[in-house]
$ cat my_file04.cif   # mmCIF, C-alpha atoms
data_upload
loop_
_atom_site.label_atom_id
_atom_site.label_comp_id
_atom_site.auth_asym_id
_atom_site.auth_seq_id
_atom_site.Cartn_x
_atom_site.Cartn_y
_atom_site.Cartn_z
CA MET D 194 46.84 -9.38 36.20
CA LYS D 195 43.95 -11.72 36.90
CA ALA D 196 41.98 -8.87 38.40
CA LYS D 197 42.55 -6.82 35.25
CA LYS D 198 41.27 -9.70 33.09
CA THR D 199 38.23 -10.12 35.29
CA ALA D 200 37.51 -6.41 35.09
CA ALA D 201 37.85 -6.51 31.32
CA VAL D 202 35.43 -9.43 31.09
CA ILE D 203 32.94 -7.70 33.37
CA MET D 204 33.25 -4.54 31.28
CA ALA D 205 32.67 -6.49 28.06
CA VAL D 206 29.62 -8.16 29.57
CA LEU D 207 28.25 -4.81 30.73
CA ILE D 208 28.81 -3.26 27.30
CA ALA D 209 27.11 -6.20 25.60
CA ALA D 210 24.20 -5.99 28.03
CA ALA D 211 23.90 -2.27 27.40
CA LEU D 212 23.92 -2.81 23.64
CA LEU D 213 21.28 -5.51 23.93
CA ALA D 214 19.17 -3.28 26.16
CA GLY D 215 19.54 -0.48 23.63
CA ALA D 216 18.50 -2.74 20.80
CA ALA D 217 15.48 -3.92 22.75
CA ALA D 218 14.54 -0.38 23.61
CA ALA D 219 14.79 0.64 19.97
CA TYR D 220 12.35 -2.08 18.99
CA THR D 221 9.32 -0.89 20.81
CA ASP D 222 6.56 -1.34 18.24
CA GLN D 223 3.62 -3.16 19.72
CA TYR D 224 0.46 -4.14 17.94
CA LYS D 225 -2.82 -5.32 19.35
CA ASN D 226 -3.20 -8.07 16.81
CA ALA D 227 -1.87 -9.43 13.53
CA GLY D 228 -4.14 -7.12 11.54
CA GLU D 229 -2.46 -4.08 13.05
CA LEU D 230 0.97 -5.49 12.30
CA TYR D 231 -0.05 -6.18 8.69
CA LEU D 232 -1.31 -2.64 8.40
CA ALA D 233 1.96 -1.28 9.75
CA TRP D 234 3.88 -3.29 7.17
CA MET D 235 1.67 -1.94 4.41
CA GLU D 236 2.20 1.60 5.58
CA ASN D 237 5.94 1.25 5.89
CA GLY D 238 7.02 -0.11 2.56
CA GLY D 239 5.97 -3.75 2.65
CA TYR D 240 6.80 -7.01 4.35
CA PRO D 241 10.07 -7.77 6.13
CA GLU D 242 12.46 -9.79 3.99
CA ALA D 243 11.68 -13.19 5.53
CA VAL D 244 7.90 -12.92 5.09
CA CYS D 245 6.46 -15.17 2.41
CA GLY D 246 2.87 -14.00 2.56
CA VAL D 247 -0.04 -12.91 4.73
CA TRP D 248 -3.65 -13.95 4.28
CA SER D 249 -6.93 -14.08 6.07
CA THR D 250 -8.67 -17.33 6.71
CA ASP D 251 -12.04 -16.04 7.80
CA GLY D 252 -12.52 -12.80 5.92
CA SER D 253 -11.52 -10.52 8.75
CA MET D 254 -8.33 -8.84 9.83
CA ASP D 255 -8.66 -10.57 13.19
CA ASN D 256 -7.35 -13.93 12.11
CA LEU D 257 -4.35 -13.83 9.87
CA THR D 258 -1.86 -16.42 8.78
CA ILE D 259 1.68 -15.19 8.22
CA GLY D 260 4.02 -17.33 6.17
CA VAL D 261 7.68 -16.97 7.07
CA GLN D 262 10.66 -18.53 5.37
CA LYS D 263 12.10 -21.67 6.95
CA SER D 264 15.46 -20.16 7.74
CA GLU D 265 17.31 -18.50 10.59
CA GLU D 266 15.87 -15.17 9.53
CA GLY D 267 12.40 -16.69 9.41
CA ASP D 268 12.77 -18.15 12.88
CA ALA D 269 13.97 -14.83 14.24
CA LEU D 270 11.12 -13.03 12.56
CA LYS D 271 8.63 -15.51 13.97
CA GLU D 272 9.81 -14.67 17.47
CA GLU D 273 9.70 -10.95 16.72
CA ILE D 274 6.16 -11.22 15.40
CA LEU D 275 4.96 -13.06 18.47
CA ASP D 276 6.70 -10.48 20.68
CA MET D 277 5.14 -7.59 18.83
CA ILE D 278 1.55 -8.85 18.86
CA GLU D 279 -0.33 -8.59 22.14
CA ASP D 280 -3.04 -11.02 21.10
CA ASP D 281 -1.14 -13.93 19.66
CA THR D 282 -4.38 -15.86 19.13
CA SER D 283 -4.93 -13.54 16.17
CA VAL D 284 -2.11 -15.06 14.18
CA THR D 285 -0.99 -18.41 12.85
CA LEU D 286 2.60 -18.66 11.73
CA THR D 287 3.47 -21.02 8.94
CA TYR D 288 6.76 -22.02 7.38
CA MET D 289 7.01 -21.55 3.65
CA ALA D 290 9.73 -21.99 1.10
CA TYR D 291 9.94 -18.74 -0.81
CA THR D 292 9.90 -15.17 0.41
CA HIS D 293 7.47 -12.70 -1.02
CA ALA D 294 10.42 -10.64 -2.24
CA GLU D 295 11.79 -13.60 -4.19
CA LEU D 296 8.44 -14.30 -5.82
CA TRP D 297 8.04 -10.64 -6.58
CA ALA D 298 11.42 -10.55 -8.32
CA ILE D 299 10.43 -13.54 -10.45
CA GLN D 300 7.19 -11.82 -11.24
CA GLN D 301 9.15 -8.92 -12.69
CA GLU D 302 11.06 -11.33 -14.93
CA LEU D 303 7.91 -13.06 -16.09
CA THR D 304 6.18 -9.80 -16.84
CA ASP D 305 8.58 -9.18 -19.68
CA ARG D 306 7.49 -12.43 -21.28
CA LEU D 307 3.75 -11.88 -21.22
CA GLY D 308 2.17 -11.60 -24.61
CA ASP D 309 1.33 -13.37 -27.84
CA GLU D 310 4.68 -15.10 -28.04
CA THR D 311 4.09 -17.14 -24.89
CA GLY D 312 0.33 -17.06 -24.51
CA ALA D 313 0.76 -15.88 -20.92
CA PHE D 314 -1.40 -12.90 -20.13
CA GLY D 315 -1.18 -12.40 -16.40
CA VAL D 316 0.94 -13.21 -13.39
CA GLY D 317 0.41 -12.65 -9.71
CA ILE D 318 1.53 -13.91 -6.32
CA ASP D 319 -0.68 -16.42 -4.54
CA GLU D 320 0.45 -15.75 -0.99
CA SER D 321 -1.33 -18.65 0.65
CA GLU D 322 0.11 -21.10 -1.87
CA ASN D 323 3.53 -19.46 -1.88
CA CYS D 324 3.85 -19.39 -5.64
CA LEU D 325 3.23 -17.31 -8.70
CA VAL D 326 0.09 -17.97 -10.67
CA ILE D 327 0.47 -17.46 -14.39
CA ASP D 328 -2.63 -17.15 -16.53
CA ILE D 329 -2.03 -18.74 -19.88
CA ASP D 330 -3.84 -19.49 -23.10
CA THR D 331 -2.89 -23.09 -23.86
CA ASP D 332 -4.21 -22.75 -27.41
CA ASN D 333 -1.32 -20.43 -28.09
CA PRO D 334 1.43 -22.32 -29.98
CA GLY D 335 4.14 -20.84 -27.79
CA SER D 336 2.53 -21.78 -24.51
CA GLU D 337 3.91 -25.31 -24.14
CA LYS D 338 7.49 -24.19 -24.59
CA PHE D 339 6.95 -21.34 -22.15
CA ILE D 340 5.40 -23.63 -19.54
CA ASN D 341 8.27 -26.08 -19.77
CA GLU D 342 10.85 -23.32 -19.54
CA CYS D 343 9.17 -21.87 -16.49
CA PHE D 344 8.95 -25.20 -14.67
CA GLU D 345 12.56 -25.88 -15.49
CA GLU D 346 13.74 -22.52 -14.21
CA TYR D 347 11.38 -21.80 -11.35
CA GLN D 348 10.13 -25.29 -10.37
CA ASN D 349 7.25 -25.07 -7.93
CA ARG D 350 7.57 -21.33 -7.60
CA VAL D 351 5.13 -21.12 -10.50
CA ARG D 352 1.74 -22.53 -11.27
CA PHE D 353 -0.24 -22.08 -14.44
CA GLU D 354 -3.93 -21.50 -14.82
CA ALA D 355 -5.42 -22.20 -18.19
CA GLY D 356 -9.05 -21.22 -18.49
CA SER D 357 -11.29 -21.80 -15.53
CA GLY D 358 -10.25 -24.53 -13.20
CA VAL D 359 -7.48 -26.06 -15.29
CA ILE D 360 -4.29 -25.89 -13.29
CA LEU D 361 -0.83 -26.98 -14.34
CA GLN D 362 1.67 -27.53 -11.55
CA THR D 363 5.04 -29.10 -10.94
CA THR D 364 5.95 -32.25 -9.04
CA SER D 365 9.29 -33.07 -7.54
CA GLU D 366 9.64 -36.06 -9.88
CA THR D 367 8.77 -34.89 -13.33
CA GLY D 368 8.37 -31.19 -13.03
CA ILE D 369 4.74 -31.49 -14.10
CA GLY D 370 1.87 -32.36 -11.84
CA ASN D 371 0.70 -31.37 -8.39
CA PHE D 372 2.69 -30.05 -5.51
CA ASP D 373 1.84 -29.06 -2.00
CA THR D 374 3.05 -25.86 -0.41
CA THR D 375 0.77 -26.11 2.60
CA GLY D 376 2.89 -25.04 5.51
CA MET D 377 3.07 -26.54 8.94
CA ASP D 378 2.07 -24.52 11.94
CA ILE D 379 4.96 -23.17 13.89
CA GLY D 380 3.34 -20.80 16.31
CA GLY D 381 0.18 -18.98 17.24
CA THR D 382 -2.80 -20.89 18.46
CA LYS D 383 -5.27 -21.10 15.64
CA GLY D 384 -3.96 -24.28 14.16
CA ILE D 385 -4.92 -23.43 10.63
CA LYS D 386 -3.17 -25.61 8.13
CA GLY D 387 -3.14 -23.17 5.28
CA GLY D 388 -6.25 -24.62 3.68
CA LYS D 389 -6.31 -23.59 0.06
CA ALA D 390 -10.02 -23.13 -0.30
CA ALA D 391 -10.36 -21.04 2.80
CA ALA D 392 -7.28 -18.91 2.42
CA MET D 393 -7.81 -15.65 0.64
CA GLY D 394 -6.03 -12.35 0.10
CA ILE D 395 -6.86 -10.03 2.94
CA ALA D 396 -7.93 -6.86 1.29
CA ALA D 397 -9.58 -8.53 -1.67
CA LEU D 398 -11.43 -10.85 0.62
CA LEU D 399 -12.65 -8.09 2.86
CA LEU D 400 -14.18 -6.33 -0.06
CA LEU D 401 -15.01 -9.03 -2.52
CA GLY D 402 -16.07 -11.73 -0.11
CA GLY D 403 -16.61 -14.43 -2.68
CA ALA D 404 -13.34 -14.24 -4.56
CA ALA D 405 -11.99 -17.68 -5.29
CA ILE D 406 -8.26 -17.36 -5.02
CA ALA D 407 -5.74 -15.68 -2.79
CA VAL D 408 -3.62 -14.08 -5.44
CA ARG D 409 -1.82 -10.98 -4.37
CA ARG D 410 -1.45 -9.15 -7.63
CA SER D 411 1.17 -6.78 -6.36
CA GLY D 412 3.73 -7.44 -8.99
CA ALA D 413 4.00 -6.57 -12.57
CA ALA D 414 1.07 -7.97 -14.43
CA ALA D 415 -2.12 -9.56 -13.32
CA LYS D 416 -5.49 -10.84 -14.32
CA ARG D 417 -7.65 -9.89 -11.40
CA GLN D 418 -10.81 -11.68 -10.38
CA LEU D 419 -13.61 -9.17 -9.92
CA ALA D 420 -16.49 -9.44 -7.49
CA GLU D 421 -19.05 -9.97 -10.21
CA GLY D 422 -17.03 -12.78 -11.71
CA GLY D 423 -15.36 -10.89 -14.52
CA GLU D 424 -11.68 -10.34 -14.88
CA GLU D 425 -9.44 -7.41 -15.43
CA THR D 426 -6.02 -7.60 -16.94
CA VAL D 427 -3.39 -5.42 -15.39
CA GLN D 428 0.03 -5.07 -16.93
CA THR D 429 2.73 -3.00 -15.30
CA ALA D 430 6.46 -3.19 -15.10
CA ILE D 431 7.34 -0.49 -12.63
CA SER D 432 7.43 -1.32 -8.97
CA ARG D 433 4.92 -0.20 -6.41
CA ARG D 434 7.50 1.96 -4.68
CA GLU D 435 8.50 3.58 -7.93
CA ALA D 436 4.87 4.39 -8.67
CA GLU D 437 4.48 5.88 -5.20
CA ARG D 438 7.61 7.96 -5.71
CA ILE D 439 6.32 9.30 -9.02
CA ILE D 440 2.94 10.16 -7.53
CA LYS D 441 4.59 11.87 -4.57
CA ALA D 442 6.80 13.90 -6.89
CA SER D 443 3.74 15.08 -8.80
CA ALA D 444 2.51 17.10 -5.80
CA GLU D 445 0.90 20.40 -6.78
CA GLU D 446 1.89 23.87 -5.65
CA PRO D 447 -0.98 26.32 -5.33
CA GLU D 448 -0.83 29.76 -6.90
CA THR D 449 -2.54 31.11 -3.81
CA THR D 450 -0.04 32.94 -1.64
CA PHE D 451 -0.30 33.65 2.04
CA GLU D 452 -0.95 37.28 1.12
CA THR D 453 -4.10 36.17 -0.68
CA ILE D 454 -5.27 34.45 2.49
CA SER D 455 -4.37 37.49 4.58
CA GLU D 456 -6.36 39.76 2.33
CA LYS D 457 -9.38 37.51 2.68
CA LEU D 458 -8.98 37.51 6.44
CA GLU D 459 -8.92 41.29 6.55
CA LYS D 460 -12.22 41.57 4.69
CA MET N 273 6.02 19.89 10.63
CA ASN N 274 4.85 17.01 12.76
CA ASP N 275 1.63 16.97 14.76
CA ARG N 276 3.31 18.31 17.90
CA GLU N 277 4.81 21.23 16.01
CA LEU N 278 1.53 21.94 14.28
CA ASN N 279 -0.27 21.93 17.62
CA GLU N 280 2.25 24.41 18.98
CA ARG N 281 1.49 26.71 16.06
CA PHE N 282 -2.25 26.30 16.45
CA LYS N 283 -1.96 27.24 20.09
CA LEU N 284 -0.62 30.57 18.86
CA VAL N 285 -3.13 30.77 16.02
CA ARG N 286 -5.91 30.52 18.58
CA GLN N 287 -4.44 33.76 19.95
CA LYS N 288 -4.58 35.19 16.40
CA ASP N 289 -0.84 34.95 15.80
CA VAL N 290 -0.55 35.58 12.05
CA LYS N 291 3.11 34.58 11.91
CA ALA N 292 2.36 31.13 13.31
CA PHE N 293 -0.51 30.79 10.88
CA GLU N 294 1.76 31.66 7.98
CA GLU N 295 4.12 28.88 9.07
CA VAL N 296 1.23 26.44 9.09
CA TYR N 297 0.18 27.60 5.64
CA ASN N 298 3.63 27.28 4.17
CA ASP N 299 4.03 23.81 5.61
CA MET N 300 0.63 22.45 4.67
CA LYS N 301 -0.28 24.26 1.46
CA THR N 302 1.24 21.69 -0.91
CA PRO N 303 -0.20 18.47 0.56
CA VAL N 304 -3.55 20.16 1.19
CA PHE N 305 -3.73 21.66 -2.28
CA THR N 306 -2.69 18.38 -3.88
CA VAL N 307 -5.42 16.46 -2.07
CA ILE N 308 -8.02 19.08 -2.99
CA LEU N 309 -6.91 19.18 -6.61
CA ARG N 310 -6.91 15.41 -6.95
CA ILE N 311 -10.52 15.40 -5.78
CA ALA N 312 -11.74 18.53 -7.56
CA GLN N 313 -9.79 18.01 -10.81
CA SER N 314 -9.88 21.73 -11.41
CA ARG N 315 -7.15 24.14 -10.39
CA GLU N 316 -9.54 27.06 -10.21
CA LEU N 317 -11.87 25.22 -7.89
CA ALA N 318 -8.98 23.84 -5.86
CA GLU N 319 -7.51 27.32 -5.33
CA ASP N 320 -10.93 28.53 -4.12
CA VAL N 321 -11.29 25.62 -1.71
CA LEU N 322 -7.75 26.08 -0.41
CA GLN N 323 -8.38 29.73 0.36
CA GLU N 324 -11.69 29.00 2.00
CA LEU N 325 -10.11 26.25 4.09
CA PHE N 326 -7.29 28.39 5.43
CA VAL N 327 -9.63 31.27 6.17
CA LYS N 328 -11.70 28.82 8.22
CA LEU N 329 -8.59 27.47 9.92
CA PHE N 330 -7.62 30.94 11.08
CA THR N 331 -11.08 31.99 12.20
CA SER N 332 -11.84 28.61 13.79
CA PRO N 333 -8.54 26.83 14.46
CA PRO N 334 -8.58 23.29 15.85
CA GLY N 335 -8.98 23.19 19.59
CA GLU N 336 -6.68 21.65 22.16
CA LYS N 337 -8.52 18.34 21.94
CA VAL N 338 -7.37 17.82 18.37
CA LYS N 339 -4.31 15.61 18.75
CA LYS N 340 -3.65 15.05 15.06
CA PRO N 341 -3.96 18.42 13.37
CA ARG N 342 -2.50 17.16 10.09
CA ALA N 343 -5.26 14.57 9.72
CA TYR N 344 -7.76 17.19 10.90
CA ILE N 345 -6.71 19.64 8.17
CA LEU N 346 -6.67 16.98 5.46
CA GLN N 347 -10.10 15.79 6.54
CA MET N 348 -11.35 19.37 6.16
CA ALA N 349 -9.67 19.53 2.75
CA HIS N 350 -11.28 16.28 1.68
CA ASN N 351 -14.75 17.22 2.88
CA MET N 352 -14.66 20.74 1.45
CA ALA N 353 -13.37 19.47 -1.90
CA ILE N 354 -16.14 16.89 -2.09
CA ASP N 355 -18.73 19.54 -1.20
CA ALA N 356 -17.30 21.88 -3.81
CA VAL N 357 -17.44 19.23 -6.51
CA ARG N 358 -21.02 18.43 -5.58
CA SER N 359 -22.11 22.06 -5.54
CA ARG N 360 -20.29 22.82 -8.76
CA PRO N 361 -20.65 19.59 -10.71
CA GLN N 362 -19.37 21.13 -13.91
CA HIS N 363 -15.92 20.82 -12.37
CA ALA N 364 -16.25 17.22 -11.32
CA ASP N 365 -13.79 14.87 -12.98
CA ILE N 366 -12.84 17.38 -15.65
CA ALA N 367 -9.15 16.72 -16.21
CA ASP N 368 -7.56 19.89 -17.45
CA PHE N 369 -4.88 17.96 -19.28
CA GLU N 370 -3.87 20.67 -21.73
CA ASN N 371 -3.33 23.28 -19.06
CA LEU N 372 -1.56 20.83 -16.80
CA SER N 373 0.74 19.57 -19.52
CA ALA N 374 1.62 23.07 -20.62
CA ARG N 375 2.85 23.83 -17.13
CA GLU N 376 4.90 20.70 -16.88
CA ALA N 377 8.62 20.96 -17.09
CA GLU N 378 8.79 17.37 -15.90
CA PRO N 379 7.03 14.89 -18.20
CA GLU N 380 6.99 12.22 -15.47
CA ALA N 381 4.85 14.47 -13.29
CA ALA N 382 2.52 15.14 -16.20
CA ASP N 383 2.13 11.42 -16.74
CA ALA N 384 1.41 10.94 -13.05
CA ARG N 385 -1.27 13.61 -13.09
CA GLN N 386 -2.93 12.20 -16.15
CA ALA N 387 -2.85 8.72 -14.66
CA LEU N 388 -4.31 9.99 -11.41
CA ALA N 389 -7.01 11.86 -13.27
CA ALA N 390 -8.08 8.61 -14.91
CA LEU N 391 -8.71 6.94 -11.56
CA PRO N 392 -12.20 7.03 -10.07
CA LEU N 393 -12.61 9.53 -7.27
CA SER N 394 -13.01 6.75 -4.71
CA GLU N 395 -9.45 5.59 -5.43
CA ARG N 396 -7.86 8.91 -6.34
CA ARG N 397 -8.65 10.51 -3.01
CA ILE N 398 -7.12 7.60 -1.10
CA VAL N 399 -3.93 7.74 -3.14
CA ALA N 400 -3.67 11.50 -2.66
CA MET N 401 -4.35 11.40 1.06
CA HIS N 402 -1.84 8.59 1.64
CA ILE N 403 1.00 9.54 -0.68
CA ASN N 404 0.69 13.32 -0.86
CA GLY N 405 -1.10 13.99 2.40
CA GLY N 406 0.88 11.51 4.47
CA LEU N 407 -2.20 10.07 6.18
CA LYS N 408 -2.22 6.51 7.44
CA PHE N 409 -4.76 4.11 6.04
CA ARG N 410 -6.59 4.05 9.34
CA GLU N 411 -6.87 7.85 9.26
CA ILE N 412 -8.08 7.74 5.67
CA ALA N 413 -10.74 5.21 6.64
CA ALA N 414 -11.96 7.68 9.25
CA VAL N 415 -12.01 10.50 6.70
CA THR N 416 -13.86 8.59 3.99
CA GLY N 417 -16.08 6.59 6.33
CA GLU N 418 -15.09 3.36 4.65
CA PRO N 419 -13.91 0.16 6.35
CA LEU N 420 -10.16 -0.17 6.65
CA GLY N 421 -10.13 -3.24 4.41
CA THR N 422 -11.93 -1.32 1.69
CA VAL N 423 -9.41 1.50 1.87
CA LEU N 424 -6.53 -0.95 1.61
CA TRP N 425 -8.13 -2.74 -1.29
CA ARG N 426 -8.91 0.47 -3.14
CA TYR N 427 -5.37 1.69 -2.61
CA ARG N 428 -3.84 -1.49 -3.94
CA LYS N 429 -6.18 -1.51 -6.93
CA ALA N 430 -5.39 2.14 -7.64
CA LEU N 431 -1.68 1.54 -7.45
CA ASP N 432 -1.93 -1.39 -9.84
CA SER N 433 -3.80 0.85 -12.27
CA LEU N 434 -1.32 3.68 -11.85
CA ARG N 435 1.64 1.40 -12.45
CA ARG N 436 0.08 0.13 -15.64
CA MET N 437 -0.86 3.61 -16.83
CA LEU N 438 2.57 4.97 -16.06
CA GLU N 439 3.89 2.24 -18.32
CA GLY N 440 1.74 3.59 -21.12
CA GLY N 441 -1.39 1.50 -20.64
CA SER N 442 -4.90 2.73 -20.04
CA TYR N 443 -7.21 2.52 -17.06
CA GLU N 444 -9.34 -0.57 -16.87
CA SER N 445 -12.06 -0.70 -14.23
#

$ encode --input "my_file04.cif" --output "structure tokens"
Amino acid sequence: MKAKKTAAVIMAVLIAAALLAGAAAAYTDQYKNAGELYLAWMENGGYPEAVCGVWSTDGSMDNLTIGVQKSEEGDALKEEILDMIEDDTSVTLTYMAYTHAELWAIQQELTDRLGDETGAFGVGIDESENCLVIDIDTDNPGSEKFINECFEEYQNRVRFEAGSGVILQTTSETGIGNFDTTGMDIGGTKGIKGGKAAAMGIAALLLLGGAAIAVRRSGAAAKRQLAEGGEETVQTAISRREAERIIKASAEEPETTFETISEKLEK
Amino acid sequence: MNDRELNERFKLVRQKDVKAFEEVYNDMKTPVFTVILRIAQSRELAEDVLQELFVKLFTSPPGEKVKKPRAYILQMAHNMAIDAVRSRPQHADIADFENLSAREAEPEAADARQALAALPLSERRIVAMHINGGLKFREIAAVTGEPLGTVLWRYRKALDSLRRMLEGGSYES
């Protein structure tokens, strides 16, 4: 009887080991550095669920900071990221509060409220600050009510920008004031503390160089900072994936048949 | 067809196997034509370029050293479309909206084509090569000769514009 139990335990252990080995074998993606991993995420539908944001601190793809949620999933992802990247000096991992997916979902909600009624005219995700940035015209009579409603509902998930340099933020005490989302380092070797001034959106930074803010305008509506200092207002309500699906479905069939090609080849 | 399967066909094409070439054509004609059309913005010109491209592919198929024939073909498509637009500038950026719309049974597709047509060529070609051609951003960077970061930025900017236009807005540069 005891021998049977022992055999059963050994069998269970072997099965578990085999399953674990299988899982490990299935997860074989390896990337030279954080830039390659970021690229892979972009090419495969976006960030994993526990990612809060990714940004460059020096203008290159060689040194990236990845914000992960402070949760079990975030911890697991942190380990996965470090396992997947050969050069772990290329990445700094930082804990943050809100996932990119959560901020993106809020962005969709806020998009519906942009307009003359609220005075809000743009919203985008600031990945390095782990919040949504809402551009607002404070001269609009509806803006104060909208700001208060947003702070009440979303707390420090939102930040308002009114004009150039005027920033309205929440505090833990009153709901209005400054807050700090700077994460603490939890891995990697760069030791970057998520400095606001230095942190910038990767792609925008690579091209624009001097852009002032790391706002990832991937959501519904945005006022984008242009290289020459101007702004462009973007308003959309369909998701990126939906847009990609529509574009893919609009593929064109040629009228040229293979017979046409064959005839040309025979000439 | 993946790259391995395409390479198997091209091995036969190099021996002038028409059947294998027909399989390549049937598999690649839609993504290739879509990329060409998005660049050329003229069906007539795109049909000409497509025919010229496949004639070239049969007479001079990619050699054994070409490991990614899909990217190779789409690079040819991109380059030939750009050359065609340059040599026949009257076709450049002329969106044949009326003809396109008349053919559309699906209004969503018509909207997508109009939105794409409103994008600048520098963005449109990246969108077409990634979404319709299935190329990775790194491969697109090699095709266009632009830095990877630029390609990513252009793609994101284009997608933002497309999303807004598909909602009924207009393109804003």

$ residues_near_point --input "my_file04.cif" --point "(-1.9, -10.7, 8.9)" --cutoff "10 Å" --atoms "all atoms listed in the file" --output "PDB file with C-alpha atoms, keeping the file's coordinate frame"
ATOM      1  CA  ASN D 226      -3.200  -8.070  16.810  1.00  0.00           C
ATOM      2  CA  ALA D 227      -1.870  -9.430  13.530  1.00  0.00           C
ATOM      3  CA  GLY D 228      -4.140  -7.120  11.540  1.00  0.00           C
ATOM      4  CA  GLU D 229      -2.460  -4.080  13.050  1.00  0.00           C
ATOM      5  CA  LEU D 230       0.970  -5.490  12.300  1.00  0.00           C
ATOM      6  CA  TYR D 231      -0.050  -6.180   8.690  1.00  0.00           C
ATOM      7  CA  LEU D 232      -1.310  -2.640   8.400  1.00  0.00           C
ATOM      8  CA  TRP D 234       3.880  -3.290   7.170  1.00  0.00           C
ATOM      9  CA  GLY D 246       2.870 -14.000   2.560  1.00  0.00           C
ATOM     10  CA  VAL D 247      -0.040 -12.910   4.730  1.00  0.00           C
ATOM     11  CA  TRP D 248      -3.650 -13.950   4.280  1.00  0.00           C
ATOM     12  CA  SER D 249      -6.930 -14.080   6.070  1.00  0.00           C
ATOM     13  CA  THR D 250      -8.670 -17.330   6.710  1.00  0.00           C
ATOM     14  CA  SER D 253     -11.520 -10.520   8.750  1.00  0.00           C
ATOM     15  CA  MET D 254      -8.330  -8.840   9.830  1.00  0.00           C
ATOM     16  CA  ASP D 255      -8.660 -10.570  13.190  1.00  0.00           C
ATOM     17  CA  ASN D 256      -7.350 -13.930  12.110  1.00  0.00           C
ATOM     18  CA  LEU D 257      -4.350 -13.830   9.870  1.00  0.00           C
ATOM     19  CA  THR D 258      -1.860 -16.420   8.780  1.00  0.00           C
ATOM     20  CA  ILE D 259       1.680 -15.190   8.220  1.00  0.00           C
ATOM     21  CA  GLY D 260       4.020 -17.330   6.170  1.00  0.00           C
ATOM     22  CA  SER D 283      -4.930 -13.540  16.170  1.00  0.00           C
ATOM     23  CA  VAL D 284      -2.110 -15.060  14.180  1.00  0.00           C
ATOM     24  CA  THR D 285      -0.990 -18.410  12.850  1.00  0.00           C
ATOM     25  CA  LEU D 286       2.600 -18.660  11.730  1.00  0.00           C
ATOM     26  CA  GLY D 394      -6.030 -12.350   0.100  1.00  0.00           C
ATOM     27  CA  ILE D 395      -6.860 -10.030   2.940  1.00  0.00           C
TER      28      ILE D 395
END

$ closest_residue --input "my_file04.cif" --among "D:Asp280, D:Asp330, D:Glu272, D:Glu236" --to "chain N" --atoms "all atoms listed in the file"
D:Glu236

$ atom_distance --input "my_file04.cif" --atom1 "CA of His350 (chain N)" --atom2 "CA of Lys225 (chain D)"
29.2 Å

$ resolve_selection --input "my_file04.cif" --expression "the PyMOL selection byres ((chain N) within 6 of (chain D))" --output "ChimeraX atom specification"
/N:302,306,381,384,403-404,421-422,425,435-436

$ resolve_selection --input "my_file04.cif" --expression "the PyMOL selection byres ((chain N and resi 299) around 12)" --output "list of chain:residue names"
D:Glu446, D:Phe451, N:Met273, N:Asn274, N:Asp275, N:Glu277, N:Leu278, N:Arg281, N:Ala292, N:Phe293, N:Glu294, N:Glu295, N:Val296, N:Tyr297, N:Asn298, N:Met300, N:Lys301, N:Thr302, N:Pro303, N:Val304, N:Phe305, N:Arg342, N:Ile345, N:Gly405

$ atom_distance --input "my_file04.cif" --atom1 "CA of Arg306 (chain D)" --atom2 "CA of Leu434 (chain N)"
20.6 Å

$ atom_distance --input "my_file04.cif" --atom1 "CA of Lys339 (chain N)" --atom2 "CA of Lys408 (chain N)"
14.7 Å

$ closest_residue --input "my_file04.cif" --among "N:Lys337, N:Arg276, N:Lys283, N:Arg358" --to "Ala312 (chain N)" --atoms "only C-alpha atoms"
N:Arg358

$ resolve_selection --input "my_file04.cif" --expression "the PyMOL selection byres ((chain D and resi 327) around 8)" --output "list in words"
Ala313, Phe314, Gly315, Val316, Gly317, Leu325, Val326, Asp328, Ile329, Val351, Arg352, Phe353 and Glu354 of chain D

$ closest_residue --input "my_file04.cif" --among "D:Glu302, D:Glu337, D:Glu345, D:Asp268" --to "Ala243 (chain D)" --atoms "all atoms listed in the file"
D:Asp268

$ residues_around --input "my_file04.cif" --residues "Ala318 (chain N)" --least-positions-apart "4" --cutoff "9 Å" --atoms "only C-alpha atoms" --output "list in words"
Pro447 of chain D; Phe305, Thr306, Ile308, Leu309, Arg310, Ile311, Ala312, Gln313, Ser314, Leu322, Gln323, Ala353 and Ala356 of chain N

$ residues_around --input "my_file04.cif" --residues "Val261 (chain D)" --least-positions-apart "3" --cutoff "7 Å" --atoms "all atoms listed in the file" --output "list of chain:residue names"
D:Ala243, D:Val244, D:Cys245, D:Gly267, D:Thr287, D:Tyr288, D:Met289

$ closest_residue --input "my_file04.cif" --among "D:Gln223, D:Asn333, D:Asp309, D:Lys460" --to "Asp281 (chain D)" --atoms "all atoms listed in the file"
D:Gln223
